[in-house]
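These notes concern the structure reproduced below.
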Amino acid sequence: MQLHPSIQMFTNLKEIIEKNDLLSKYQYLFDSFNKAGSKTLSDAVKTKIEESLTQINQANQELTAMFWNASLKEFFPKIAIENILQINSYNISSIKPEEYQSIIDYYSNCSASIKAMLETTQHFIKEFEQIATTEDNLTKNDELIKTFHIYFINNTSINTFNELEKYTRIWNNILISFSKLTKEEETPINVQFVDKNALFVSLGVKTIKAILKALAAILLTQRRRLEIRNLKQEIHQVELSNEAGFEVLLEEELTNVVDEHSSILTKELMETFELDYFQNQEIYDNIQIASKQLLNFIEKGGKIDARQNKSKDELNEINKSIINEFIQIEHILKTTPTIHN
């Protein structure tokens with residue numbers, strides 16, 4: 001793992017834990033259920049618990065995106081990361097006193113894990129900063145250059161040289177296509193970090209914004225495709241007499257929704273950057289291809305993140321909705337396994 005991306009990842013991780021005051025939030029939940037004993041929680045306490053859970057869940061979305069980078073998990077071998085990142089969705093009003101102990105145990109473990117994660121993070125930040133003697137002037141001084149993260153997860157993982165060559169070629173096409181769209185083709189696309197799990201590159205801020213806008217639309221397309229596949233499975237389960245005909249129609253819709261959505265998206269992007277798509281047919285075609293490549297990457301499990309090191313960076317707010325949509329789609333896939341059929 002290269003030095004500067006490591007500092008950035010650990011700094012971001014530390015910031016998420018501290019700005020959301022996760023240690024205090026978990027301690028409050030632990031204390032509330034522990035003090036209640038065998039008594040029912042008061043309405044005031046229930047309200048505060050719900051507020052704490054909402055804040056924890058919001059922080060967990062940010063933490064989930066951080067750990068899309070499989071390399072980061074390697075620094076916390078003794079922490080059950082997945083247990084911390086669970087979304088707490090239970091109904092406070094329906095919890096019975098006899099259930100308190102299991103909740104107390106869970107929050108006690110979460111608190112200990114978050115504390116250990118923070119201590120480890122602070123240690124590595126200190127170690128890396130002592131080693132660092134120079135700064136990357138490109139990303140430090142030029143506010144028009146931002147960091148873009150690509151995570152190779154699930155069926156997008158890189159295990160062979162051929163896979164590395166394939167994804168390098170695909171992402172080169174995607175990034176160049178969007179840089180031409182935004183007229184930032186003269187801005188260099190520099191690799192900050194690469195391994196079998198992740199690729200970090202520096203891009204022009206307009207290019208990243210355009211990709212994020214495309215992603216928002218592409219994730220909606222993916223949701224629609226999941227709905228169609230789910231409908232196809234439901235039709236199969238009820239065994240309709242004209243099932244084959246319905247399946248043909250739904251297969252056609254799976255293809256049509258991609259073509260239709262990518263066409264609409266491409267036209268919207270070109271209008272945003274004041275490009276007539278009739279006069280810029282090559283850019284139009286390339287963006288359509290790039291959007292379909294992005295969809296294919298997402299469908300195979302790949303993830304994309306554009307969180308910046310500065311907490312007040314405007315890209316961070318845009319990025320939040322993207323992360324949330326990735327998490328929602330992942331939830332759909334986990335709760336409806338037959339959707340893959």
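Ordered as shown in the structure tokens, chains take letters A, B, and onward, while each chain numbers its residues from 1 and ligands are numbered from 1 in the order shown.
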
So which bits of segment 252-305 of chain A end up alpha helix (DSSP H) when you DSSP the backbone, as a ChimeraX atom specification?
/A:252-272,281-299

Can you list, as a ChimeraX atom specification, every protein, DNA or RNA residue that comes within 10 Å of Ile92 of chain A when you count only C-alpha atoms, leaving out same-chain residues fewer than 5 positions away?
/A:41,43,45-47,49-50

N, CA, C and O atoms of the current selection, written as a PDB file, in the first residue's frame:
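After the write, out_30.pdb holds the following:
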ATOM      1  N   LEU A  41     -38.294   0.950  28.851  1.00  0.00           N
ATOM      2  CA  LEU A  41     -37.654   2.242  28.594  1.00  0.00           C
ATOM      3  C   LEU A  41     -38.694   3.356  28.546  1.00  0.00           C
ATOM      4  O   LEU A  41     -39.805   3.176  28.043  1.00  0.00           O
ATOM      5  N   ASP A  43     -40.318   6.995  27.283  1.00  0.00           N
ATOM      6  CA  ASP A  43     -40.463   7.572  25.943  1.00  0.00           C
ATOM      7  C   ASP A  43     -39.300   8.500  25.611  1.00  0.00           C
ATOM      8  O   ASP A  43     -38.826   8.539  24.461  1.00  0.00           O
ATOM      9  N   VAL A  45     -36.198   8.330  26.715  1.00  0.00           N
ATOM     10  CA  VAL A  45     -35.009   7.525  26.437  1.00  0.00           C
ATOM     11  C   VAL A  45     -35.127   6.867  25.063  1.00  0.00           C
ATOM     12  O   VAL A  45     -34.159   6.810  24.294  1.00  0.00           O
ATOM     13  N   LYS A  46     -36.329   6.375  24.748  1.00  0.00           N
ATOM     14  CA  LYS A  46     -36.547   5.758  23.434  1.00  0.00           C
ATOM     15  C   LYS A  46     -36.241   6.742  22.310  1.00  0.00           C
ATOM     16  O   LYS A  46     -35.633   6.388  21.303  1.00  0.00           O
ATOM     17  N   THR A  47     -36.672   7.990  22.488  1.00  0.00           N
ATOM     18  CA  THR A  47     -36.428   9.015  21.473  1.00  0.00           C
ATOM     19  C   THR A  47     -34.932   9.248  21.283  1.00  0.00           C
ATOM     20  O   THR A  47     -34.433   9.328  20.148  1.00  0.00           O
ATOM     21  N   ILE A  49     -32.523   7.151  22.023  1.00  0.00           N
ATOM     22  CA  ILE A  49     -31.933   5.949  21.445  1.00  0.00           C
ATOM     23  C   ILE A  49     -32.116   5.940  19.931  1.00  0.00           C
ATOM     24  O   ILE A  49     -31.195   5.638  19.170  1.00  0.00           O
ATOM     25  N   GLU A  50     -33.327   6.301  19.478  1.00  0.00           N
ATOM     26  CA  GLU A  50     -33.604   6.350  18.039  1.00  0.00           C
ATOM     27  C   GLU A  50     -32.725   7.382  17.342  1.00  0.00           C
ATOM     28  O   GLU A  50     -32.239   7.150  16.235  1.00  0.00           O
TER      29      GLU A  50
END

Mind checking which residues fall within 10 Å of Asn20 of chain A, counting only C-alpha atoms, ignoring those fewer than 6 positions away in the same chain, and posting them as JSON, numbers by chain?
{"A": [52, 55, 56, 58, 59, 60]}

Now that the selection is made, can you save its residues with N, CA and C atoms as a CSV table (one decimal), in the first residue's frame?
chain,number,residue,atom,x,y,z
A,52,SER,N,-29.7,8.3,18.4
A,52,SER,CA,-28.4,7.8,18.3
A,52,SER,C,-28.2,6.7,17.3
A,55,GLN,N,-27.9,8.3,13.8
A,55,GLN,CA,-26.6,8.8,13.6
A,55,GLN,C,-25.5,7.7,13.4
A,56,ILE,N,-25.7,6.6,14.1
A,56,ILE,CA,-24.8,5.5,13.9
A,56,ILE,C,-25.0,4.9,12.5
A,58,GLN,N,-26.0,6.3,9.8
A,58,GLN,CA,-25.4,7.3,8.8
A,58,GLN,C,-23.9,7.1,8.8
A,59,ALA,N,-23.3,7.0,10.0
A,59,ALA,CA,-21.9,6.8,10.0
A,59,ALA,C,-21.5,5.5,9.4
A,60,ASN,N,-22.3,4.5,9.6
A,60,ASN,CA,-22.0,3.1,9.1
A,60,ASN,C,-22.0,3.1,7.6

Tyr167 of chain A environment, 9 Å, only C-alpha atoms, sequence neighbours closer than 4 positions dropped, as number ranges by chain
A: 156, 158, 162-163, 171-172

Could you please write out, as a list of chain:residue names, every residue of segment 103-269 of chain A that DSSP assigns to strand (DSSP E)?
A:Ile145, A:Lys146, A:Thr147, A:Phe148, A:His149, A:Ile150, A:Tyr151, A:Asn190, A:Val191, A:Gln192, A:Phe193, A:Val194, A:Ala198, A:Leu199, A:Phe200, A:Val201, A:Ser202, A:Leu203, A:Gly204

Could those residues be written to a file, using C-alpha atoms, as a PDB file, in the first residue's frame?
ATOM      1  CA  ILE A 145      -7.783  17.871  -9.141  1.00  0.00           C
ATOM      2  CA  LYS A 146      -9.608  15.325  -6.970  1.00  0.00           C
ATOM      3  CA  THR A 147      -9.267  11.662  -6.018  1.00  0.00           C
ATOM      4  CA  PHE A 148     -11.455   8.930  -7.505  1.00  0.00           C
ATOM      5  CA  HIS A 149     -11.589   5.413  -6.022  1.00  0.00           C
ATOM      6  CA  ILE A 150     -12.449   2.211  -7.905  1.00  0.00           C
ATOM      7  CA  TYR A 151     -12.894  -1.008  -5.900  1.00  0.00           C
ATOM      8  CA  ASN A 190      -2.615  10.095 -12.680  1.00  0.00           C
ATOM      9  CA  VAL A 191      -2.548   6.807 -10.773  1.00  0.00           C
ATOM     10  CA  GLN A 192      -2.114   7.383  -7.033  1.00  0.00           C
ATOM     11  CA  PHE A 193      -2.443   3.778  -5.914  1.00  0.00           C
ATOM     12  CA  VAL A 194      -3.200   0.388  -7.426  1.00  0.00           C
ATOM     13  CA  ALA A 198      -8.413  -1.005  -5.735  1.00  0.00           C
ATOM     14  CA  LEU A 199      -7.372   1.724  -8.129  1.00  0.00           C
ATOM     15  CA  PHE A 200      -7.055   5.348  -6.959  1.00  0.00           C
ATOM     16  CA  VAL A 201      -6.635   8.016  -9.624  1.00  0.00           C
ATOM     17  CA  SER A 202      -6.539  11.811  -9.657  1.00  0.00           C
ATOM     18  CA  LEU A 203      -8.979  13.478 -12.054  1.00  0.00           C
ATOM     19  CA  GLY A 204     -10.371  16.874 -12.898  1.00  0.00           C
TER      20      GLY A 204
END

Exercise: segment 26-33 of chain A partners within 6 Å, only C-alpha atoms, chain neighbours under 3 positions left out, as a list of chain:residue names:
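Residues meeting the cut-off are A:Leu23, A:Ala36, A:Tyr100, A:Ile104, A:Tyr107, A:Ser111.
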
Selection: 12 Å around Gln222 of chain A, only C-alpha atoms, excl. self and same-chain fewer than 4 positions, as JSON, numbers by chain:
{"A": [215, 216, 217, 218, 226, 227, 228, 229, 254, 255, 257, 258, 261, 262, 291, 292, 294, 295, 296, 297, 298, 299, 300, 301, 325, 326, 328, 329, 330, 332, 333]}

Restricting the calculation to only C-alpha atoms, which member of A:Lys213, A:Ser321, A:Val205, A:Asp313 is positioned closest to Met270 of chain A?
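Among the listed residues, A:Lys213 lies closest to Met270 of chain A.
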
Give the answer as one residue: which of A:Asn197, A:Ser94, A:Gln122, A:Asn109 has the shortest atom-to-atom distance to Ile304 of chain A, using only C-alpha atoms?
A:Asn197

Skip Asn173 of chain A itself and residues of its chain fewer than 2 positions away, then list as a list in words all residues within 10 Å of it, counting only C-alpha atoms.
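After dropping sequence-adjacent residues, the list is Tyr167, Thr168, Arg169, Ile170, Trp171, Leu175, Ile176, Ser177, Phe178, Ser179, Asn286, Ile287, Ile289, Ala290 and Gln293 of chain A.
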
For a quick check of understanding, using only C-alpha atoms, which of A:Thr120, A:Gln233, A:Asn12, A:Asn69 has the smallest distance to Asp195 of chain A?
A:Asn69

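We find atom CA of Leu85 of chain A and atom CA of Thr64 of chain A to be spaced 6.4 Å apart.
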
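Nearest to Gln308 of chain A of all the residues A:Ile235, A:Asp285, A:Glu82, A:Glu143 is A:Glu143, counting only C-alpha atoms.
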
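Remark: for Lys25 of chain A, the closest of the candidate residues A:Leu265, A:Ile79, A:Ile114, A:Ile87 is A:Ile114 (distances computed over only C-alpha atoms).
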
Using only C-alpha atoms, which of A:Ala65, A:Ala44, A:Ile327, A:Ile103 sits nearest Leu13 of chain A?
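Looking at the shortest contact to Leu13 of chain A, the residue is A:Ala65.
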